[in-house]
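run-v8.csv follows; it contains CSV, C-alpha atoms.
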```csv
chain,number,residue,atom,x,y,z
B,79,MET,CA,29.3,-11.1,-9.6
B,80,LEU,CA,26.1,-12.2,-7.9
B,81,ASP,CA,24.7,-15.7,-8.3
B,82,TYR,CA,21.3,-15.0,-9.7
B,83,ALA,CA,20.0,-18.6,-9.1
B,84,ALA,CA,20.8,-17.9,-5.4
B,85,LEU,CA,19.1,-14.5,-5.6
B,86,HIS,CA,15.9,-16.1,-7.1
B,87,ALA,CA,16.0,-18.6,-4.2
B,88,LEU,CA,16.3,-15.8,-1.6
B,89,ALA,CA,13.4,-13.9,-3.2
B,90,ALA,CA,11.3,-17.0,-3.3
B,91,VAL,CA,11.9,-17.6,0.5
B,92,ILE,CA,10.9,-14.0,1.3
B,93,ARG,CA,7.9,-14.1,-1.0
B,94,GLU,CA,6.6,-17.5,0.1
B,95,GLY,CA,7.5,-17.1,3.7
B,96,SER,CA,9.4,-20.5,4.1
B,97,PHE,CA,12.1,-22.6,2.5
B,98,ASP,CA,9.7,-25.4,1.8
B,99,ARG,CA,7.2,-23.3,-0.1
B,100,ALA,CA,10.0,-21.6,-2.0
B,101,ALA,CA,11.2,-25.0,-3.1
B,102,ARG,CA,7.8,-25.9,-4.4
B,103,ALA,CA,7.5,-22.6,-6.3
B,104,LEU,CA,10.9,-23.1,-8.0
B,105,HIS,CA,10.5,-26.8,-8.5
B,106,VAL,CA,13.6,-27.8,-6.5
B,107,THR,CA,14.3,-29.4,-3.2
B,108,PRO,CA,14.2,-27.5,0.1
B,109,SER,CA,17.9,-28.5,0.6
B,110,ALA,CA,18.8,-26.8,-2.7
B,111,ILE,CA,17.0,-23.6,-1.6
B,112,SER,CA,18.8,-23.7,1.7
B,113,GLN,CA,22.2,-24.3,0.1
B,114,ARG,CA,21.7,-21.4,-2.4
B,115,VAL,CA,20.7,-19.0,0.3
B,116,ARG,CA,23.6,-20.1,2.6
B,117,LEU,CA,26.1,-19.7,-0.2
B,118,LEU,CA,24.8,-16.2,-1.0
B,119,GLU,CA,25.0,-15.3,2.7
B,120,GLU,CA,28.6,-16.5,2.7
B,121,ARG,CA,29.3,-14.5,-0.5
B,122,VAL,CA,28.0,-11.2,1.0
B,123,GLY,CA,29.2,-11.9,4.5
B,124,CYS,CA,26.0,-11.4,6.5
B,125,ALA,CA,22.6,-13.0,7.1
B,126,LEU,CA,19.9,-12.3,4.5
B,127,VAL,CA,17.0,-14.2,6.0
B,128,VAL,CA,15.5,-14.2,9.5
B,129,ARG,CA,14.4,-17.8,9.8
B,130,GLY,CA,10.9,-18.0,11.3
B,131,GLN,CA,7.2,-18.4,10.6
B,132,PRO,CA,7.2,-16.6,8.2
B,133,CYS,CA,10.8,-16.0,7.1
B,134,LYS,CA,11.6,-12.3,6.8
B,135,PRO,CA,14.5,-10.5,5.1
B,136,THR,CA,17.2,-8.7,6.9
B,137,ASP,CA,17.9,-5.2,5.7
B,138,THR,CA,20.6,-6.5,3.4
B,139,GLY,CA,18.3,-9.3,2.2
B,140,ARG,CA,15.7,-6.8,1.3
B,141,ARG,CA,18.2,-4.8,-0.7
B,142,MET,CA,19.2,-7.9,-2.5
B,143,CYS,CA,15.5,-8.6,-3.4
B,144,GLN,CA,15.1,-5.0,-4.5
B,145,HIS,CA,18.1,-5.4,-6.8
B,146,LEU,CA,16.5,-8.6,-8.3
B,147,ASP,CA,13.2,-6.8,-8.8
B,148,ARG,CA,15.0,-4.1,-10.8
B,149,VAL,CA,17.0,-6.7,-12.8
B,150,ARG,CA,13.8,-8.5,-13.7
B,151,LEU,CA,12.2,-5.3,-15.0
B,152,LEU,CA,15.3,-4.6,-17.1
B,153,GLU,CA,15.3,-8.1,-18.4
B,154,GLN,CA,11.7,-7.7,-19.4
B,155,GLU,CA,12.6,-4.5,-21.2
B,156,LEU,CA,15.3,-6.4,-23.2
B,157,THR,CA,13.0,-9.3,-24.1
B,158,ASP,CA,10.4,-6.8,-25.4
B,159,ALA,CA,13.1,-5.5,-27.8
B,160,LEU,CA,14.5,-8.9,-28.5
B,161,PRO,CA,11.6,-11.4,-28.6
B,162,ALA,CA,14.0,-14.3,-29.4
B,163,MET,CA,15.4,-14.0,-25.9
B,164,ALA,CA,12.1,-14.3,-24.2
B,165,PRO,CA,11.8,-17.5,-22.0
B,166,GLU,CA,9.6,-20.3,-23.2
B,167,GLY,CA,6.1,-19.9,-21.9
B,168,GLY,CA,6.3,-16.1,-21.5
B,169,ALA,CA,7.4,-15.7,-17.9
B,170,ARG,CA,5.8,-12.9,-15.9
B,171,VAL,CA,7.7,-10.4,-13.8
B,172,PRO,CA,6.9,-10.0,-10.1
B,173,LEU,CA,5.7,-6.4,-9.5
B,174,PRO,CA,5.6,-5.4,-5.8
B,175,VAL,CA,3.4,-2.4,-5.1
B,176,ALA,CA,2.2,-0.6,-2.0
B,177,VAL,CA,-1.1,1.3,-1.6
B,178,ASN,CA,-3.3,2.7,1.1
B,179,ALA,CA,-6.6,0.8,1.7
B,180,ASP,CA,-8.9,3.6,0.8
B,181,SER,CA,-7.3,4.1,-2.6
B,182,LEU,CA,-7.4,0.3,-3.2
B,183,ALA,CA,-11.1,0.3,-2.3
B,184,THR,CA,-11.9,3.2,-4.7
B,185,TRP,CA,-10.0,4.3,-7.8
B,186,PHE,CA,-6.8,2.2,-7.6
B,187,ALA,CA,-8.0,-1.4,-8.0
B,188,PRO,CA,-9.7,-1.0,-11.4
B,189,ALA,CA,-6.6,0.7,-12.8
B,190,LEU,CA,-4.3,-1.9,-11.5
B,191,ALA,CA,-6.5,-4.8,-12.7
B,192,ALA,CA,-6.6,-3.3,-16.2
B,193,PHE,CA,-2.8,-2.9,-16.3
B,194,ALA,CA,-2.2,-6.5,-15.0
B,195,ALA,CA,-4.7,-8.0,-17.5
B,196,GLU,CA,-2.4,-6.9,-20.3
B,197,ALA,CA,1.1,-6.6,-18.9
B,198,PRO,CA,3.4,-9.6,-18.3
B,199,VAL,CA,3.4,-9.1,-14.5
B,200,LEU,CA,2.4,-10.8,-11.3
B,201,VAL,CA,1.3,-8.1,-8.9
B,202,GLU,CA,2.4,-8.4,-5.2
B,203,LEU,CA,0.2,-5.8,-3.5
B,204,SER,CA,0.9,-4.6,0.1
B,205,VAL,CA,-1.6,-2.4,1.9
B,206,ASP,CA,-0.5,0.2,4.5
B,207,ASP,CA,-1.5,3.7,5.7
B,208,GLN,CA,-0.6,6.4,3.1
B,209,ASP,CA,1.7,8.0,5.5
B,210,HIS,CA,3.8,4.8,5.8
B,211,THR,CA,3.8,3.3,2.2
B,212,ALA,CA,6.9,5.4,1.3
B,213,GLU,CA,8.8,3.3,3.9
B,214,TRP,CA,8.2,0.3,1.8
B,215,LEU,CA,10.0,2.0,-1.1
B,216,ARG,CA,12.9,3.2,1.1
B,217,THR,CA,13.5,-0.4,2.3
B,218,GLY,CA,13.2,-1.8,-1.2
B,219,ALA,CA,10.1,-4.0,-0.4
B,220,VAL,CA,8.2,-2.5,-3.4
B,221,VAL,CA,9.1,-0.7,-6.7
B,222,ALA,CA,6.0,1.6,-6.7
B,223,ALA,CA,3.7,3.1,-4.1
B,224,VAL,CA,0.8,5.4,-3.5
B,225,THR,CA,1.9,7.7,-0.7
B,226,SER,CA,1.1,11.0,1.0
B,227,THR,CA,4.8,11.9,0.8
B,228,ALA,CA,5.8,14.2,-2.0
B,229,ARG,CA,9.5,14.0,-1.5
B,230,PRO,CA,10.9,11.0,-3.4
B,231,ALA,CA,12.6,8.2,-1.5
B,232,ASN,CA,16.3,7.6,-2.4
B,233,GLY,CA,16.5,6.2,-6.0
B,234,CYS,CA,12.8,7.0,-6.7
B,235,ASN,CA,10.8,9.4,-8.8
B,236,SER,CA,7.7,11.1,-7.4
B,237,ARG,CA,4.7,12.7,-9.1
B,238,PRO,CA,1.4,14.1,-7.7
B,239,LEU,CA,-1.8,12.1,-8.2
B,240,GLY,CA,-4.4,14.3,-6.6
B,241,ALA,CA,-6.2,14.6,-3.3
B,242,MET,CA,-8.6,12.1,-1.7
B,243,ARG,CA,-11.4,14.0,0.0
B,244,TYR,CA,-12.6,12.5,3.3
B,245,LEU,CA,-15.8,13.3,5.1
B,246,ALA,CA,-16.6,12.7,8.8
B,247,ALA,CA,-19.9,10.9,8.8
B,248,ALA,CA,-22.2,8.6,10.9
B,249,SER,CA,-25.7,7.4,10.9
B,250,PRO,CA,-28.5,9.8,11.9
B,251,ALA,CA,-29.3,7.6,14.9
B,252,PHE,CA,-25.7,7.8,16.1
B,253,VAL,CA,-25.6,11.5,15.7
B,254,ASP,CA,-28.9,11.8,17.7
B,255,ARG,CA,-27.5,9.5,20.5
B,256,TYR,CA,-24.0,11.0,20.9
B,257,LEU,CA,-23.8,14.4,19.1
B,258,ALA,CA,-27.3,15.9,19.5
B,259,GLN,CA,-25.9,18.8,21.7
B,260,GLY,CA,-23.2,19.6,19.1
B,261,VAL,CA,-19.9,18.3,17.7
B,262,GLY,CA,-17.1,19.4,19.9
B,263,ALA,CA,-14.2,18.1,22.0
B,264,GLY,CA,-16.4,16.9,24.8
B,265,SER,CA,-19.0,15.0,22.7
B,266,LEU,CA,-16.3,13.6,20.3
B,267,ALA,CA,-14.3,12.2,23.3
B,268,GLN,CA,-17.4,10.2,24.3
B,269,ALA,CA,-18.7,9.2,20.8
B,270,PRO,CA,-17.1,5.9,19.6
B,271,SER,CA,-15.0,6.4,16.4
B,272,LEU,CA,-13.9,4.0,13.7
B,273,LEU,CA,-10.2,3.5,13.2
B,274,PHE,CA,-8.6,1.4,10.4
B,275,ASN,CA,-5.5,0.6,12.5
B,276,THR,CA,-3.1,2.2,15.0
B,277,LYS,CA,-1.4,4.1,12.1
B,278,ASP,CA,-4.6,5.8,11.1
B,279,GLU,CA,-4.4,9.5,11.9
B,280,LEU,CA,-7.4,10.7,9.8
B,281,GLN,CA,-9.9,11.0,12.6
B,282,ALA,CA,-7.3,12.7,14.9
B,283,SER,CA,-6.3,15.2,12.1
B,284,TRP,CA,-10.0,16.1,11.5
B,285,VAL,CA,-10.8,16.6,15.2
B,286,ARG,CA,-7.6,18.7,15.6
B,287,ARG,CA,-8.8,21.0,12.8
B,288,LEU,CA,-12.2,21.3,14.3
B,289,CYS,CA,-11.3,21.7,18.0
B,290,HIS,CA,-7.8,23.3,17.6
B,291,ARG,CA,-6.3,20.8,20.0
B,292,HIS,CA,-5.8,17.1,20.5
B,293,VAL,CA,-8.8,15.1,21.7
B,294,GLU,CA,-8.4,11.5,23.0
B,295,LEU,CA,-11.0,9.5,21.1
B,296,SER,CA,-12.7,6.2,22.0
B,297,ARG,CA,-12.1,3.9,19.1
B,298,HIS,CA,-13.2,0.7,17.4
B,299,THR,CA,-10.6,-0.8,15.2
B,300,LEU,CA,-11.8,-2.2,11.8
B,301,PRO,CA,-9.1,-2.9,9.2
B,302,SER,CA,-11.4,-2.7,6.2
B,303,PRO,CA,-12.9,0.3,4.3
B,304,GLN,CA,-16.0,-1.8,3.5
B,305,ALA,CA,-16.4,-2.7,7.2
B,306,PHE,CA,-16.2,1.0,8.1
B,307,VAL,CA,-19.3,1.7,6.0
B,308,THR,CA,-21.2,-1.3,7.3
B,309,ALA,CA,-20.3,-0.3,10.9
B,310,ALA,CA,-21.3,3.3,10.4
B,311,LEU,CA,-24.6,2.4,8.8
B,312,ALA,CA,-25.3,0.2,11.9
B,313,GLY,CA,-24.6,3.1,14.3
B,314,MET,CA,-21.4,1.5,15.7
B,315,GLY,CA,-19.3,4.7,15.4
B,316,TRP,CA,-18.3,7.7,13.3
B,317,GLY,CA,-15.5,7.7,10.8
B,318,MET,CA,-13.6,9.4,8.0
B,319,PHE,CA,-14.7,8.1,4.6
B,320,PRO,CA,-13.7,8.8,1.1
B,321,GLN,CA,-16.4,11.0,-0.4
B,322,GLY,CA,-17.0,8.8,-3.4
B,323,MET,CA,-17.4,5.7,-1.2
B,324,ILE,CA,-20.3,7.1,0.8
B,325,ALA,CA,-21.9,9.4,-1.7
B,326,PRO,CA,-25.0,7.1,-2.2
B,327,HIS,CA,-25.5,6.9,1.6
B,328,LEU,CA,-25.3,10.6,2.0
B,329,ALA,CA,-27.8,11.0,-0.9
B,330,ASP,CA,-30.4,8.7,0.7
B,331,GLY,CA,-29.8,10.0,4.2
B,332,SER,CA,-28.5,6.7,5.8
B,333,LEU,CA,-25.3,8.6,6.6
B,334,VAL,CA,-24.9,12.3,7.5
B,335,GLU,CA,-21.8,14.5,7.8
B,336,LEU,CA,-20.9,15.4,11.4
B,337,VAL,CA,-20.0,19.0,10.3
B,338,PRO,CA,-21.2,19.7,6.8
B,339,GLY,CA,-18.7,21.6,4.6
B,340,MET,CA,-15.7,20.5,6.6
B,341,PRO,CA,-13.9,17.9,4.5
B,342,LEU,CA,-10.3,16.7,5.0
B,343,ASP,CA,-8.3,16.5,1.7
B,344,VAL,CA,-5.3,14.2,1.7
B,345,PRO,CA,-2.7,14.7,-1.1
B,346,LEU,CA,-1.5,11.5,-2.7
B,347,HIS,CA,1.6,10.9,-4.8
B,348,TRP,CA,2.9,8.1,-7.0
B,349,GLN,CA,6.5,7.1,-6.3
B,350,THR,CA,8.4,4.5,-8.4
B,351,ALA,CA,11.9,3.1,-8.4
B,352,ARG,CA,14.2,5.0,-10.7
B,353,ALA,CA,14.6,2.1,-13.3
B,354,ALA,CA,14.5,2.3,-17.0
B,355,SER,CA,11.4,0.1,-17.3
B,356,GLY,CA,8.6,0.3,-19.8
B,357,LEU,CA,6.5,-1.8,-17.4
B,358,LEU,CA,6.8,0.8,-14.7
B,359,ASP,CA,6.2,3.6,-17.2
B,360,GLY,CA,3.1,1.9,-18.3
B,361,LEU,CA,1.9,1.4,-14.8
B,362,THR,CA,2.5,5.0,-14.0
B,363,ARG,CA,0.5,6.2,-17.0
B,364,GLN,CA,-2.4,3.9,-15.9
B,365,MET,CA,-2.3,5.2,-12.3
B,366,VAL,CA,-2.0,8.9,-13.3
B,367,ALA,CA,-5.0,8.5,-15.7
B,368,ALA,CA,-7.1,6.8,-13.0
B,369,ALA,CA,-6.2,9.3,-10.3
B,370,ARG,CA,-7.2,12.1,-12.7
B,371,GLU,CA,-10.7,10.6,-12.8
B,372,GLY,CA,-11.0,9.5,-9.1
B,373,LEU,CA,-9.2,12.2,-7.1
B,374,LEU,CA,-9.4,16.0,-6.8
B,375,PRO,CA,-6.7,18.0,-8.5
B,376,LEU,CA,-3.9,19.3,-6.3
```
Would you give me this structure, written as structure tokens?
Amino acid sequence: MLDYAALHALAAVIREGSFDRAARALHVTPSAISQRVRLLEERVGCALVVRGQPCKPTDTGRRMCQHLDRVRLLEQELTDALPAMAPEGGARVPLPVAVNADSLATWFAPALAAFAAEAPVLVELSVDDQDHTAEWLRTGAVVAAVTSTARPANGCNSRPLGAMRYLAAASPAFVDRYLAQGVGAGSLAQAPSLLFNTKDELQASWVRRLCHRHVELSRHTLPSPQAFVTAALAGMGWGMFPQGMIAPHLADGSLVELVPGMPLDVPLHWQTARAASGLLDGLTRQMVAAAREGLLPL
């Protein structure tokens, strides 16, 4: 049987990033945390933590943390049914979730906030490109994710949410400066684009649809959806924006579409760990309802 005190110590080290901060979070000494993790490593026969700044889990350590996340959800289910077993003070369950930045900046955050305001959880939110959030599920780093992948990860359920519509847009002054002779492979290669990070393929996908080939783009990197809008309004570059985010700017003319009537629709799916958990079921209902309002139907 696993030593759950040791598992909680391991999870605290990974969550907090160091043995010292984990000790403060669990109200024990750093040596106690170190001893618990070491004994657990001896028990499973391999390293569970890569010591560093910050500490990171090994593959086995991540699986152990995933197991603890699921046990916590099951324990919460039991205390809901048997209130006498609830810990004093009403402990909250860590709920690790992954989401893409554009969903977080639009429809997702209000729904998550409404859920967390009522549910006994402490949300641990990770942000990544929608093409990569499924990997967080596969490695056990999260128990739920918004992802562009329809096929469920091992041990997970998947359901469609809807499609996020993106528009290629820039300021009128930017279009006059770089794209006055038309929007094509040559002009787009010269016009600076706005990229969220190196995983962001939205601009490349839209250009490939338009030009029927790959075009090497010049790029500014801005890891913030809000900064994207600010940069575009200032004429720094063109980018792919969620339609709802820039609707007011399109209406007042401060942003214009590069090619009107050519959106890029990205299907999104909701994947959750396959655990019998009322908390996950409640979160799923909240996300599906919010997506129904904020996304296009698939």
Closest of B:Asn275, B:Ser355, B:Gln268, B:Gln144 to B:His86, counting all atoms listed in the file, is B:Gln144
From the list B:Val293, B:Leu173, B:Leu376, B:Ala241, the nearest residue to B:Gly264 using all atoms listed in the file is B:Val293
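Residue nearest B:Arg255 within the list B:Ala228, B:Met314, B:Ala369, B:Val199: B:Met314 [criterion: smallest interatomic distance, only C-alpha atoms].
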Contacts of stretch 145-152 of chain B at 12 Å or less, counting all atoms listed in the file, minus same-chain residues fewer than 2 places along, as a ChimeraX atom specification? /B:80-90,93,138-143,154-159,169-175,197-202,217-222,233,350-359
Can you tell me which residues surround B:Val224 at a distance of at most 6 Å, considering only C-alpha atoms, apart from same-chain residues fewer than 4 positions away, and format the answer as a PyMOL selection string? chain B and resi 177+347-348
With C-alpha atoms retained, could you export that selection as a short mmCIF file (atom, residue, chain, number, x, y, z; two decimals), in the frame of the given file?
```
data_model
loop_
_atom_site.label_atom_id
_atom_site.label_comp_id
_atom_site.auth_asym_id
_atom_site.auth_seq_id
_atom_site.Cartn_x
_atom_site.Cartn_y
_atom_site.Cartn_z
CA VAL B 177 -1.10 1.30 -1.60
CA HIS B 347 1.60 10.90 -4.80
CA TRP B 348 2.90 8.10 -7.00
#
```
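Among B:Tyr244, B:Phe97, B:Phe274, B:Tyr256, the residue with the shortest atom-to-atom distance to B:Ala309, counting all atoms listed in the file, is B:Phe274.
For the choices B:Lys134, B:Asn235, B:Leu272, B:Leu288, the atom-to-atom distance to B:Pro338 is smallest for B:Leu288 when using all atoms listed in the file.
Taking atom CA of B:Thr276 as the reference point, atom CA of B:Phe252 is found at 23.3 Å.
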What's the separation between atom CA of B:Val128 and atom CA of B:Lys277, in Å to one decimal place? 25.0 Å
Pairwise distance for atom CA of B:Val205 and atom CA of B:Ala176, rounded to one decimal in Å: 5.7 Å
Using all atoms listed in the file - which residues lie no farther than 9 Å from the point (-12.5, 6.8, 1.3) in the file's frame? Write them as a ChimeraX atom specification. /B:179-181,183-184,242-245,303,318-324
